[in-house]
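Structure data follow from entry-v5.txt (compact mmCIF, C-alpha atoms):
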# COMPACT_ATOMS: atom_id res chain seq x y z
CA MET A 1 -21.90 28.91 21.63
CA PRO A 2 -19.66 26.81 19.35
CA SER A 3 -16.86 24.87 21.02
CA ILE A 4 -13.19 25.76 20.54
CA VAL A 5 -12.85 22.57 18.45
CA GLU A 6 -15.48 23.79 15.99
CA VAL A 7 -14.23 27.37 15.98
CA LEU A 8 -10.66 26.24 15.32
CA ALA A 9 -11.80 23.97 12.48
CA GLU A 10 -13.82 26.79 10.90
CA CYS A 11 -11.03 29.34 11.22
CA LEU A 12 -8.47 26.98 9.69
CA GLU A 13 -10.77 26.45 6.73
CA ALA A 14 -11.35 30.19 6.40
CA LEU A 15 -7.61 30.90 6.47
CA ARG A 16 -7.03 28.26 3.81
CA GLU A 17 -9.58 30.03 1.65
CA GLY A 18 -7.71 33.33 2.03
CA GLU A 19 -9.36 34.93 5.06
CA GLU A 20 -7.17 37.22 7.19
CA LEU A 21 -6.11 35.98 10.62
CA ALA A 22 -7.36 39.16 12.30
CA ALA A 23 -10.79 38.72 10.73
CA CYS A 24 -11.02 35.15 12.06
CA LEU A 25 -10.09 36.25 15.55
CA GLU A 26 -12.61 39.09 15.46
CA MET A 27 -15.38 36.65 14.65
CA TYR A 28 -14.78 34.74 17.89
CA PRO A 29 -13.57 37.22 20.54
CA GLN A 30 -14.51 34.83 23.36
CA HIS A 31 -12.04 32.24 21.98
CA ARG A 32 -9.35 34.68 20.89
CA ALA A 33 -6.82 33.90 23.65
CA GLU A 34 -6.84 30.18 22.92
CA LEU A 35 -7.37 30.43 19.19
CA ALA A 36 -4.55 32.81 18.25
CA PRO A 37 -1.57 30.63 19.29
CA LEU A 38 -3.13 27.52 17.74
CA LEU A 39 -3.61 29.29 14.42
CA GLU A 40 -0.05 30.56 14.63
CA ILE A 41 1.30 27.05 15.15
CA ALA A 42 -0.81 25.78 12.25
CA SER A 43 0.61 28.52 10.01
CA LEU A 44 4.11 27.18 10.68
CA ILE A 45 3.31 23.75 9.23
CA ARG A 46 4.44 24.08 5.67
CA PRO A 47 2.49 22.14 3.00
CA LEU A 48 4.53 19.91 0.73
CA PRO A 49 4.49 21.09 -2.88
CA PRO A 50 2.40 18.78 -5.08
CA GLU A 51 5.44 17.98 -7.22
CA VAL A 52 7.00 16.07 -4.30
CA VAL A 53 6.19 12.57 -5.52
CA PRO A 54 8.31 9.47 -6.04
CA SER A 55 9.82 9.29 -9.50
CA PRO A 56 8.15 6.95 -12.01
CA ALA A 57 11.43 4.99 -12.23
CA PHE A 58 11.52 4.44 -8.47
CA ARG A 59 7.85 3.45 -8.37
CA GLU A 60 8.27 0.98 -11.19
CA GLN A 61 11.51 -0.49 -9.84
CA THR A 62 10.07 -0.92 -6.36
CA ARG A 63 6.86 -2.45 -7.77
CA GLU A 64 8.97 -4.96 -9.67
CA ARG A 65 10.84 -5.89 -6.51
CA LEU A 66 7.75 -6.39 -4.35
CA PRO A 67 7.21 -9.94 -3.14
CA LYS A 68 5.17 -11.97 -5.57
CA GLY A 69 3.86 -14.57 -3.15
CA PRO A 70 4.45 -16.60 0.03
CA ASP A 71 7.87 -17.82 -1.08
CA ASP A 72 9.23 -14.28 -1.44
CA ARG A 73 9.08 -13.46 2.26
CA GLU A 74 12.76 -13.73 3.09
CA GLU A 75 14.34 -13.10 -0.27
CA VAL A 76 13.55 -9.52 -1.15
CA SER A 77 16.05 -6.81 -0.35
CA PHE A 78 15.58 -3.08 -0.74
CA ALA A 79 19.15 -2.17 0.02
CA PRO A 80 20.08 1.07 -1.74
CA ASP A 81 22.00 0.71 -4.98
CA MET B 1 -16.81 -19.75 -25.35
CA LEU B 2 -17.34 -17.38 -22.50
CA LYS B 3 -14.14 -15.91 -21.12
CA LEU B 4 -14.18 -15.97 -17.32
CA ASP B 5 -11.67 -13.34 -16.38
CA LYS B 6 -11.45 -12.42 -12.73
CA PRO B 7 -13.34 -9.13 -12.16
CA PRO B 8 -11.15 -6.16 -11.25
CA VAL B 9 -10.78 -6.01 -7.52
CA THR B 10 -11.35 -2.52 -6.21
CA ASP B 11 -12.52 -3.06 -2.67
CA GLU B 12 -9.65 -2.36 -0.31
CA ARG B 13 -10.82 -4.81 2.32
CA LEU B 14 -10.81 -7.58 -0.22
CA LEU B 15 -7.34 -6.60 -1.43
CA VAL B 16 -6.06 -6.61 2.14
CA SER B 17 -7.61 -10.03 2.81
CA ARG B 18 -5.90 -11.38 -0.30
CA ALA B 19 -2.60 -9.77 0.66
CA ILE B 20 -2.83 -11.33 4.13
CA ALA B 21 -3.19 -14.64 2.32
CA ARG B 22 0.14 -13.78 0.59
CA ASP B 23 -1.31 -12.75 -2.75
CA GLY B 24 1.45 -10.64 -4.30
CA GLU B 25 -0.84 -9.23 -6.97
CA ALA B 26 -3.21 -7.81 -4.35
CA PHE B 27 -0.29 -6.41 -2.38
CA GLY B 28 0.98 -4.75 -5.57
CA GLU B 29 -2.41 -3.11 -6.05
CA LEU B 30 -2.29 -1.80 -2.47
CA TYR B 31 1.22 -0.50 -3.21
CA ASP B 32 -0.04 1.35 -6.30
CA ARG B 33 -2.80 2.95 -4.27
CA SER B 34 -0.66 4.15 -1.39
CA VAL B 35 2.95 4.60 -2.51
CA ILE B 36 2.65 8.34 -3.17
CA ARG B 37 1.05 9.05 0.20
CA VAL B 38 3.67 6.95 2.02
CA TYR B 39 6.53 8.61 0.12
CA ARG B 40 5.27 12.15 0.80
CA HIS B 41 4.75 11.35 4.47
CA ILE B 42 8.33 10.11 4.77
CA TYR B 43 9.71 12.96 2.68
CA TYR B 44 8.12 15.47 5.05
CA LEU B 45 9.87 13.78 7.98
CA ILE B 46 13.23 13.15 6.26
CA ASN B 47 13.60 15.86 3.59
CA ASP B 48 15.85 13.82 1.32
CA VAL B 49 14.75 12.18 -1.94
CA LYS B 50 17.07 9.18 -1.90
CA GLU B 51 16.46 8.39 1.77
CA ALA B 52 12.70 8.87 1.36
CA GLU B 53 12.73 6.42 -1.55
CA ASP B 54 14.69 3.85 0.39
CA LEU B 55 12.44 4.15 3.44
CA THR B 56 9.33 3.98 1.26
CA ALA B 57 10.54 0.70 -0.21
CA GLN B 58 11.38 -0.58 3.28
CA THR B 59 7.90 0.38 4.48
CA PHE B 60 6.28 -1.91 1.92
CA LEU B 61 8.72 -4.71 2.62
CA GLN B 62 7.98 -4.51 6.35
CA ALA B 63 4.27 -4.32 5.63
CA TRP B 64 4.50 -7.53 3.60
CA GLU B 65 6.46 -9.24 6.35
CA ALA B 66 4.00 -8.17 9.03
CA ILE B 67 0.73 -8.18 7.11
CA ASP B 68 -0.70 -11.14 9.02
CA ARG B 69 -0.63 -8.90 12.11
CA PHE B 70 -2.75 -6.23 10.40
CA GLN B 71 -6.21 -5.96 11.96
CA PRO B 72 -8.72 -5.50 9.11
CA ARG B 73 -11.36 -4.26 11.56
CA GLY B 74 -9.07 -1.58 12.97
CA ALA B 75 -7.60 1.48 11.24
CA PRO B 76 -7.54 1.51 7.42
CA PHE B 77 -4.59 -0.08 5.65
CA VAL B 78 -2.95 3.21 4.63
CA SER B 79 -3.03 4.42 8.23
CA TRP B 80 -1.20 1.22 9.23
CA LEU B 81 1.35 1.81 6.46
CA LEU B 82 1.92 5.38 7.64
CA ARG B 83 2.63 4.07 11.14
CA ILE B 84 5.29 1.71 9.77
CA ALA B 85 6.70 4.55 7.65
CA HIS B 86 6.89 6.84 10.64
CA ASN B 87 8.70 4.27 12.79
CA LEU B 88 11.25 3.68 10.05
CA ALA B 89 11.74 7.42 9.53
CA VAL B 90 12.25 8.07 13.24
CA SER B 91 14.78 5.23 13.51
CA HIS B 92 16.55 6.62 10.49
CA LEU B 93 16.65 10.14 11.92
CA ARG B 94 18.08 8.81 15.19
CA SER B 95 20.84 7.12 13.23
CA ARG B 96 21.72 10.38 11.48
CA LYS B 97 24.45 12.28 13.23
CA GLY B 98 22.47 15.39 14.17
CA ASP B 99 19.37 16.03 12.13
CA THR B 100 20.09 19.55 10.99
CA GLN B 101 18.63 19.21 7.52
CA LEU B 102 16.51 22.29 7.06
CA TYR B 103 13.83 22.82 4.49
CA ASP B 104 15.93 25.14 2.38
CA THR B 105 14.47 23.64 -0.79
CA MET B 106 11.01 24.80 0.11
CA VAL B 107 11.37 28.55 0.30
CA ASP B 108 7.94 30.06 -0.05
CA GLU B 109 7.49 32.95 -2.43
CA GLY B 110 5.05 34.45 0.05
CA LEU B 111 7.61 34.71 2.82
CA PRO B 112 8.86 38.13 3.93
CA ARG B 113 11.91 39.32 2.01
CA ASN B 114 13.84 40.43 5.09
CA PRO B 115 16.58 37.78 5.39
CA GLU B 116 16.41 37.79 9.18
CA ALA B 117 12.65 37.32 9.16
CA VAL B 118 12.98 34.53 6.57
CA ALA B 119 15.62 32.78 8.69
CA GLU B 120 13.53 33.15 11.83
CA ARG B 121 10.44 31.77 10.16
CA GLN B 122 12.36 28.84 8.70
CA ALA B 123 13.77 28.08 12.14
CA ASP B 124 10.26 28.15 13.62
CA GLU B 125 8.96 25.90 10.86
CA GLU B 126 11.77 23.46 11.55
CA LYS B 127 10.98 23.46 15.28
CA VAL B 128 7.35 22.67 14.51
CA ARG B 129 8.40 19.88 12.14
CA GLN B 130 10.53 18.38 14.90
CA ALA B 131 7.58 18.68 17.28
CA VAL B 132 5.27 16.96 14.77
CA LEU B 133 7.69 14.02 14.82
CA ARG B 134 7.07 13.64 18.55
CA LEU B 135 3.26 13.53 18.35
CA GLY B 136 1.43 10.25 18.81
CA ASP B 137 0.38 8.31 15.70
CA GLU B 138 -3.18 9.58 15.48
CA GLN B 139 -2.37 13.24 16.05
CA ARG B 140 0.65 13.19 13.75
CA GLN B 141 -1.32 11.59 10.94
CA VAL B 142 -4.09 14.17 11.23
CA ILE B 143 -1.59 17.05 11.25
CA ILE B 144 0.31 15.78 8.23
CA LEU B 145 -2.81 14.95 6.24
CA ARG B 146 -4.50 18.27 7.09
CA PHE B 147 -1.59 20.70 6.82
CA VAL B 148 1.20 19.03 4.86
CA GLU B 149 -1.10 17.27 2.39
CA GLU B 150 -3.76 19.99 2.65
CA LEU B 151 -6.65 17.54 2.64
CA ASP B 152 -10.08 18.57 3.85
CA TYR B 153 -11.73 17.08 6.94
CA ARG B 154 -13.82 14.60 4.97
CA GLU B 155 -10.78 13.23 3.13
CA VAL B 156 -8.76 12.86 6.33
CA ALA B 157 -11.71 11.16 8.03
CA GLU B 158 -11.97 8.70 5.16
CA ILE B 159 -8.26 7.84 5.17
CA LEU B 160 -8.13 7.35 8.93
CA GLY B 161 -11.50 5.61 9.23
CA LYS B 162 -12.88 8.24 11.58
CA SER B 163 -15.74 10.72 11.62
CA VAL B 164 -15.19 14.34 10.60
CA ALA B 165 -16.04 15.38 14.16
CA ALA B 166 -13.36 13.03 15.53
CA VAL B 167 -10.78 14.43 13.11
CA ARG B 168 -11.57 17.96 14.28
CA VAL B 169 -11.13 16.94 17.92
CA ILE B 170 -7.80 15.23 17.15
CA GLN B 171 -6.68 18.30 15.19
CA HIS B 172 -7.40 20.53 18.18
CA ARG B 173 -5.55 18.23 20.59
CA ALA B 174 -2.61 17.94 18.21
CA LEU B 175 -2.24 21.71 17.82
CA CYS B 176 -2.50 22.12 21.62
CA ALA B 177 0.23 19.48 22.02
CA LEU B 178 2.45 21.25 19.46
CA ARG B 179 1.91 24.56 21.21
CA LYS B 180 2.91 23.00 24.52
CA MET B 181 6.06 21.50 23.01
CA MET B 182 7.00 24.82 21.42
CA LYS B 183 6.49 26.65 24.72
CA VAL B 184 8.70 24.15 26.55
CA GLU B 185 11.35 24.67 23.90
CA GLU B 186 11.16 28.46 24.30
CA VAL B 187 11.68 28.15 28.05
CA ALA B 188 14.57 25.68 27.73
As C-alpha cells, how would this structure be written, given the file I've shared?
Amino acid sequence: MPSIVEVLAECLEALREGEELAACLEMYPQHRAELAPLLEIASLIRPLPPEVVPSPAFREQTRERLPKGPDDREEVSFAPD
Amino acid sequence: MLKLDKPPVTDERLLVSRAIARDGEAFGELYDRSVIRVYRHIYYLINDVKEAEDLTAQTFLQAWEAIDRFQPRGAPFVSWLLRIAHNLAVSHLRSRKGDTQLYDTMVDEGLPRNPEAVAERQADEEKVRQAVLRLGDEQRQVIILRFVEELDYREVAEILGKSVAAVRVIQHRALCALRKMMKVEEVA
C-alpha cells in the first residue's frame, strides 16, 4: 500500500492536471480522512501569476549598484529613492 | 595571434567560489540567475512591489556581505538567498504596523461569484499565507516553490539540492504543519 506521502504527492499532481478532488479521494479511501484536509490546505495556497517579476529597470539599476569587488563591501547602499 | 578570452563560466559552484573570493562579476552572474526567484519569493510574503524591490536589493547586499559564511557543500546558493530574503521580509513585516495587506490584486477568475464566498476564501488564503510565514526554512521553501511557483518535484529537488522523495516528505510535513496552525487559529 502506498504511503500517505506518496498518495498526497500523486493527488496534488492529479489536481494540478485538472482532476476533481472527489475523484482523488475515491482512489484512496483508506487515506481519505488524512488526505482531504491536506488537499484543502494546499488549495488555499494561491500561485503567483507569472507576470509578477521585477521590472527590467529595477533589475538593471540593482545590477549596476551591486558591489564590484572587495573594496565595495561597505560603500553600497540600497536605500529606497 | 590567438585570443585567449576567459571561457564563459556556467557552473554555479565555480561562480560561488569566485564570489566568495570577492569577484563582483561572478556575483553579478549569480544575481542574474536568481533575482526573479528571490523577488517573487519576497513578493509573495510582502505583497507590495516597491517593498519587494527594496528587500530584493537588500537580500543581494546582505548576501555579498555574508558570502564568506556560505557553505558551498551545504544547500544550493539560491536556497541560501531565499533564507536571507525570508528573514528580511519577516523583519519588515514586523516593522509594519499591522500586516493587513490582503491579496486583493490577485482575484482569481475561477473563484465563486458570491461576494461572501469570495471574501471567505480570500480570508482563508490570507490565513494560510500567514501560516506559511511561520514554517521553518525547508518546509516554507518547498511550499512556496511547489504551490506559489508551481514547480514540479524534480525542479524543487534541484533548487534545494534534495531528492524528489525528500521533497515529497517535506511537502507532507509542511502541509500537516499548516493544517495544525489553521486548526489552532480556528479554536482561538
Interface list for chain A, partner chain B, 8 Å threshold, all atoms listed in the file, as a CSV table (one decimal) with C-alpha atoms, in the coordinates of the input:
chain,number,residue,atom,x,y,z
A,5,VAL,CA,-12.8,22.6,18.4
A,6,GLU,CA,-15.5,23.8,16.0
A,8,LEU,CA,-10.7,26.2,15.3
A,9,ALA,CA,-11.8,24.0,12.5
A,37,PRO,CA,-1.6,30.6,19.3
A,38,LEU,CA,-3.1,27.5,17.7
A,41,ILE,CA,1.3,27.0,15.2
A,42,ALA,CA,-0.8,25.8,12.2
A,44,LEU,CA,4.1,27.2,10.7
A,45,ILE,CA,3.3,23.8,9.2
A,46,ARG,CA,4.4,24.1,5.7
A,47,PRO,CA,2.5,22.1,3.0
A,48,LEU,CA,4.5,19.9,0.7
A,52,VAL,CA,7.0,16.1,-4.3
A,53,VAL,CA,6.2,12.6,-5.5
A,54,PRO,CA,8.3,9.5,-6.0
A,58,PHE,CA,11.5,4.4,-8.5
A,59,ARG,CA,7.8,3.4,-8.4
A,62,THR,CA,10.1,-0.9,-6.4
A,63,ARG,CA,6.9,-2.4,-7.8
A,66,LEU,CA,7.8,-6.4,-4.4
A,67,PRO,CA,7.2,-9.9,-3.1
A,68,LYS,CA,5.2,-12.0,-5.6
A,69,GLY,CA,3.9,-14.6,-3.2
A,70,PRO,CA,4.4,-16.6,0.0
A,73,ARG,CA,9.1,-13.5,2.3
A,76,VAL,CA,13.6,-9.5,-1.2
A,78,PHE,CA,15.6,-3.1,-0.7
A,79,ALA,CA,19.2,-2.2,0.0
A,80,PRO,CA,20.1,1.1,-1.7
Excluding same-chain residues fewer than 2 positions from Met1 of chain A, what lies within 12 Å of it counting all atoms listed in the file, as a ChimeraX atom specification? /A:3-7,28-31
What does the distance from atom CA of Asp68 of chain B to atom CA of Trp80 of chain B come to in Å, to one decimal?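 One can read the atom CA of Asp68 of chain B to atom CA of Trp80 of chain B distance as 12.4 Å.
Interatomic distance, atom CA of Ala63 of chain B against atom CA of Asn87 of chain B: 12.0 Å.
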